[in-house]
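Student: Mind looking over this structure? Questions follow.
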Amino acid sequence: MAMKQPVDGQWICGKTCMITGATSGIGRSSAIELGKMGAKLILVCRNRERGEELVREIRGNGNSEVELMLADLESQAQIRKLAADFLATKKPLHVLINNAGVFNLKRKTTSDGIEEVFAVNHLAYFLLTMLLLDRIKESAPARIINIASDLHSRATMKFDDLGGERSYGGMRSYGQSKLGNVLFTYELARRLAGTGVTVNCVHPGAVATNLAKNNGALAMAVWKLIGLFVKSPEVGARTQVYLAAAPEVEGITGKYFIDSKEARSSAESHDANVAQRLWDISAQMTGLPAT
């Protein structure tokens, strides 16, 4: 199904937009659509071959303003290099879409020794955003979009076992990381009030993606079967494309969106004390100052 363009693209045309996890699923669909609108794209991915294929496709659609940057967001060192390399270009950054994500049935740790789902789905969003934040503020009006999930509403922040060392469950870990995305969105929006930078998060819906690819052939087969009954990536990407490009969301910040409309997130996601505690722990785990 072709994705219906949600806006005319005037706001995003000519603006620089970075998308993580850009070569598959809703990240790829978002890149293609924003490219058609004339955005200057910075595509972040792990696989050079897939990244170069996407660059060729977007250029084939008539947009030559697209670049590839390689980074594995499970590694904080690679995130830091990604940010440093981008900042060295002196380019503005008008839109940051934190889209990359993983789902693991079994507990895994990163090269930094951190549980992988929490590291990629939450800490990578936190670290990359904070490293780029001064440039984003200089580029205002600017937008930060975090891809969350309605599964956050079934989760709670297990501060005594964030990495699931004592008890791990795939859905529980994923839901907690997505709750982290919503909490981070709201807290960052509070801190950026008056700067011209907005921060919002998105539930894209149940989408047919490669999210389960790290969990073996059986899990992938089941995921593909489920994919027959859920949204296509093109449809799933609509809300984040809307938040990135629509002129009518200018100035709207600290909100949770479903199907391009504001929605209510869980009670815990609105707990400022939980958000502050998560912020402090995230800063500690990424080696950043808490303020």
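Every chain in the structure tokens has a letter given in the order shown (A, B, ...), and although residue numbers restart at 1 in each chain, ligands are simply numbered from 1 in the order shown.
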Return as a ChimeraX atom specification the full set of residues in segment 24-64 of chain A whose backbone-based DSSP assignment is helix (DSSP H, G or I).

Tutor: /A:25-36,48-60

Student: Could you write those residues out with C-alpha atoms, as a JSON list (two decimals), in the first residue's frame?

Tutor:
[["chain", "number", "residue", "atom", "x", "y", "z"],
["A", 25, "GLY", "CA", 10.52, -0.92, 8.96],
["A", 26, "ILE", "CA", 9.02, 2.43, 9.83],
["A", 27, "GLY", "CA", 12.42, 4.11, 9.82],
["A", 28, "ARG", "CA", 12.89, 3.26, 6.15],
["A", 29, "SER", "CA", 9.35, 4.30, 5.25],
["A", 30, "SER", "CA", 9.80, 7.59, 7.10],
["A", 31, "ALA", "CA", 13.06, 8.29, 5.28],
["A", 32, "ILE", "CA", 11.47, 7.68, 1.88],
["A", 33, "GLU", "CA", 8.46, 9.89, 2.59],
["A", 34, "LEU", "CA", 10.43, 12.73, 4.15],
["A", 35, "GLY", "CA", 12.85, 12.50, 1.25],
["A", 36, "LYS", "CA", 9.96, 12.99, -1.17],
["A", 48, "ARG", "CA", 26.43, -0.12, 4.90],
["A", 49, "GLU", "CA", 25.03, -2.16, 2.01],
["A", 50, "ARG", "CA", 21.41, -1.66, 3.06],
["A", 51, "GLY", "CA", 22.09, 1.98, 3.83],
["A", 52, "GLU", "CA", 23.59, 2.63, 0.41],
["A", 53, "GLU", "CA", 20.64, 0.88, -1.25],
["A", 54, "LEU", "CA", 18.24, 3.23, 0.56],
["A", 55, "VAL", "CA", 20.33, 6.27, -0.38],
["A", 56, "ARG", "CA", 20.13, 5.24, -4.04],
["A", 57, "GLU", "CA", 16.35, 4.81, -3.79],
["A", 58, "ILE", "CA", 15.83, 8.23, -2.24],
["A", 59, "ARG", "CA", 18.11, 9.87, -4.78],
["A", 60, "GLY", "CA", 16.19, 8.04, -7.49]]

Student: Any idea what's packed within 8 Å of segment 111-116 of chain A, counting only C-alpha atoms, ignoring anything in its chain fewer than 3 positions away? Could you give it as a PyMOL selection string?

Tutor: chain A and resi 74-76+102+107-108+119-120+163-164

Student: Excluding Lys90 of chain A and its own-chain neighbours fewer than 3 positions away, which residues fall within 12 Å of it when counting only C-alpha atoms? Please give them as a list in words.

Tutor: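 Returned residues: Thr16, Ala83, Ala84, Asp85, Phe86, Leu87, Leu93, Leu132, Asp134, Arg135, Ile136, Glu138 and Ser139 of chain A.
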
Student: List the spatial neighbours of segment 242-259 of chain A as a VMD selection string - criterion: any atom at most 9 Å away, only C-alpha atoms, same-chain residues fewer than 6 positions off excluded.

Tutor: chain A and resid 5 to 13 17 34 37 95 to 97 141 to 145 148 150 182 185 to 190 193 196 to 205 236 265

Student: Create the file for the chosen residues now, containing N, CA and C atoms and written as a short mmCIF file (atom, residue, chain, number, x, y, z; two decimals), in the first residue's frame.

Tutor:
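Generated file (out-v1.cif):
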data_model
loop_
_atom_site.label_atom_id
_atom_site.label_comp_id
_atom_site.auth_asym_id
_atom_site.auth_seq_id
_atom_site.Cartn_x
_atom_site.Cartn_y
_atom_site.Cartn_z
N GLN A 5 0.71 10.89 1.67
CA GLN A 5 1.49 11.95 2.26
C GLN A 5 0.59 12.80 3.17
N PRO A 6 0.94 12.90 4.48
CA PRO A 6 0.03 13.55 5.42
C PRO A 6 0.04 15.07 5.35
N VAL A 7 1.11 15.66 4.83
CA VAL A 7 1.21 17.12 4.75
C VAL A 7 1.82 17.48 3.41
N ASP A 8 1.79 18.76 3.10
CA ASP A 8 2.34 19.17 1.82
C ASP A 8 3.86 19.24 1.81
N GLY A 9 4.49 19.14 2.96
CA GLY A 9 5.95 19.09 3.03
C GLY A 9 6.65 20.43 3.06
N GLN A 10 5.90 21.52 3.11
CA GLN A 10 6.54 22.83 3.08
C GLN A 10 7.41 23.08 4.30
N TRP A 11 6.98 22.60 5.48
CA TRP A 11 7.78 22.87 6.69
C TRP A 11 9.10 22.11 6.64
N ILE A 12 9.08 20.87 6.23
CA ILE A 12 10.27 20.02 6.28
C ILE A 12 11.19 20.24 5.09
N CYS A 13 10.69 20.78 4.01
CA CYS A 13 11.49 20.94 2.78
C CYS A 13 12.72 21.80 3.06
N CYS A 17 17.20 16.43 8.68
CA CYS A 17 16.49 15.45 9.51
C CYS A 17 17.35 14.20 9.67
N LEU A 34 9.86 11.42 3.85
CA LEU A 34 10.43 12.73 4.15
C LEU A 34 11.37 13.17 3.02
N MET A 37 9.45 14.77 0.41
CA MET A 37 9.03 16.12 0.78
C MET A 37 10.16 17.14 0.68
N VAL A 95 15.35 18.22 12.75
CA VAL A 95 14.50 17.11 13.19
C VAL A 95 15.38 15.92 13.54
N LEU A 96 15.19 15.38 14.73
CA LEU A 96 15.84 14.14 15.14
C LEU A 96 14.76 13.11 15.42
N ILE A 97 14.77 12.00 14.69
CA ILE A 97 13.82 10.92 14.92
C ILE A 97 14.57 9.74 15.52
N PRO A 141 13.40 26.83 14.97
CA PRO A 141 12.49 25.79 15.48
C PRO A 141 12.91 24.39 15.03
N ALA A 142 12.89 23.47 15.99
CA ALA A 142 13.35 22.12 15.73
C ALA A 142 12.47 21.12 16.48
N ARG A 143 12.56 19.87 16.06
CA ARG A 143 11.67 18.84 16.61
C ARG A 143 12.45 17.57 16.93
N ILE A 144 12.14 16.99 18.08
CA ILE A 144 12.67 15.68 18.46
C ILE A 144 11.48 14.73 18.59
N ILE A 145 11.60 13.57 17.95
CA ILE A 145 10.51 12.60 17.93
C ILE A 145 11.06 11.25 18.41
N ALA A 148 7.96 5.38 20.66
CA ALA A 148 7.63 4.60 21.85
C ALA A 148 6.72 3.45 21.45
N ASP A 150 2.61 1.55 22.74
CA ASP A 150 1.54 1.46 23.72
C ASP A 150 1.84 0.40 24.78
N VAL A 182 8.80 7.44 26.84
CA VAL A 182 7.75 8.42 27.14
C VAL A 182 8.19 9.33 28.29
N THR A 185 10.72 11.74 26.99
CA THR A 185 10.07 12.76 26.16
C THR A 185 9.48 13.87 27.03
N TYR A 186 8.73 13.49 28.04
CA TYR A 186 8.05 14.48 28.88
C TYR A 186 9.06 15.32 29.68
N GLU A 187 10.08 14.66 30.22
CA GLU A 187 11.06 15.39 31.02
C GLU A 187 11.89 16.33 30.15
N LEU A 188 12.29 15.87 28.97
CA LEU A 188 13.05 16.73 28.07
C LEU A 188 12.22 17.91 27.61
N ALA A 189 10.94 17.68 27.34
CA ALA A 189 10.05 18.77 26.94
C ALA A 189 9.97 19.83 28.04
N ARG A 190 9.90 19.38 29.29
CA ARG A 190 9.87 20.34 30.41
C ARG A 190 11.14 21.17 30.43
N ALA A 193 11.44 23.92 27.53
CA ALA A 193 10.37 24.92 27.39
C ALA A 193 10.96 26.28 27.05
N GLY A 196 12.19 26.74 21.63
CA GLY A 196 11.83 26.54 20.24
C GLY A 196 12.03 25.12 19.76
N VAL A 197 12.42 24.24 20.68
CA VAL A 197 12.58 22.81 20.36
C VAL A 197 11.43 22.04 20.99
N THR A 198 10.70 21.29 20.19
CA THR A 198 9.62 20.46 20.70
C THR A 198 10.05 19.01 20.78
N VAL A 199 9.45 18.28 21.71
CA VAL A 199 9.76 16.87 21.90
C VAL A 199 8.45 16.11 22.06
N ASN A 200 8.21 15.16 21.21
CA ASN A 200 7.00 14.35 21.29
C ASN A 200 7.34 12.88 21.04
N CYS A 201 6.43 12.00 21.43
CA CYS A 201 6.66 10.57 21.22
C CYS A 201 5.45 9.95 20.53
N VAL A 202 5.68 8.76 19.97
CA VAL A 202 4.73 8.15 19.05
C VAL A 202 4.52 6.68 19.38
N HIS A 203 3.28 6.25 19.34
CA HIS A 203 2.96 4.82 19.27
C HIS A 203 2.59 4.54 17.81
N PRO A 204 3.46 3.84 17.05
CA PRO A 204 3.16 3.63 15.63
C PRO A 204 2.10 2.57 15.38
N GLY A 205 1.71 1.84 16.42
CA GLY A 205 0.78 0.73 16.24
C GLY A 205 1.53 -0.57 16.04
N GLY A 236 2.46 2.43 9.35
CA GLY A 236 2.98 2.64 10.69
C GLY A 236 3.82 3.90 10.83
N SER A 265 -1.14 8.80 27.68
CA SER A 265 -0.20 7.74 28.05
C SER A 265 -0.47 7.29 29.48
#

Student: Which residues, written as a PyMOL selection string, have at least one atom at most 10 Å from Lys158 of chain A, with only C-alpha atoms counted and residues fewer than 6 positions away on the same chain left out?

Tutor: chain A and resi 164+172-173+176

Student: Quick one: write out the picked residues with C-alpha atoms as a PDB file, in the first residue's frame?

Tutor:
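The result, stored in part-v4.pdb:
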ATOM      1  CA  GLY A 164      16.610  -7.715  34.228  1.00  0.00           C
ATOM      2  CA  ARG A 172       8.527  -6.755  30.179  1.00  0.00           C
ATOM      3  CA  SER A 173      11.943  -5.496  29.112  1.00  0.00           C
ATOM      4  CA  GLN A 176       9.967  -0.834  30.272  1.00  0.00           C
TER       5      GLN A 176
END

Student: If I take atom CA of Gln276 of chain A and atom CA of Asn104 of chain A, how far is one from the other in Å, to one decimal?

Tutor: 26.8 Å

Student: Would you please extract all strand (DSSP E) residues from segment 120-290 of chain A, as assigned by DSSP on the backbone, and give them as a PyMOL selection string?

Tutor: chain A and resi 142-147+197-203+255-258+261-263

Student: Would you please work out which residue, of A:Leu183, A:Gly287, A:Asn61, A:Ala237, is nearest to His270 of chain A when using only C-alpha atoms?

Tutor: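 The shortest atom-to-atom distance to His270 of chain A comes from A:Leu183.
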
Student: Can you tell me which residues surround Leu43 of chain A at a distance of at most 8 Å, considering only C-alpha atoms, apart from same-chain residues fewer than 3 positions away, and format the answer as a list in words?

Tutor: Met18, Ile19, Thr20, Gly21, Ala22, Thr23, Ala31, Gly51, Val66, Glu67, Leu68 and Met69 of chain A
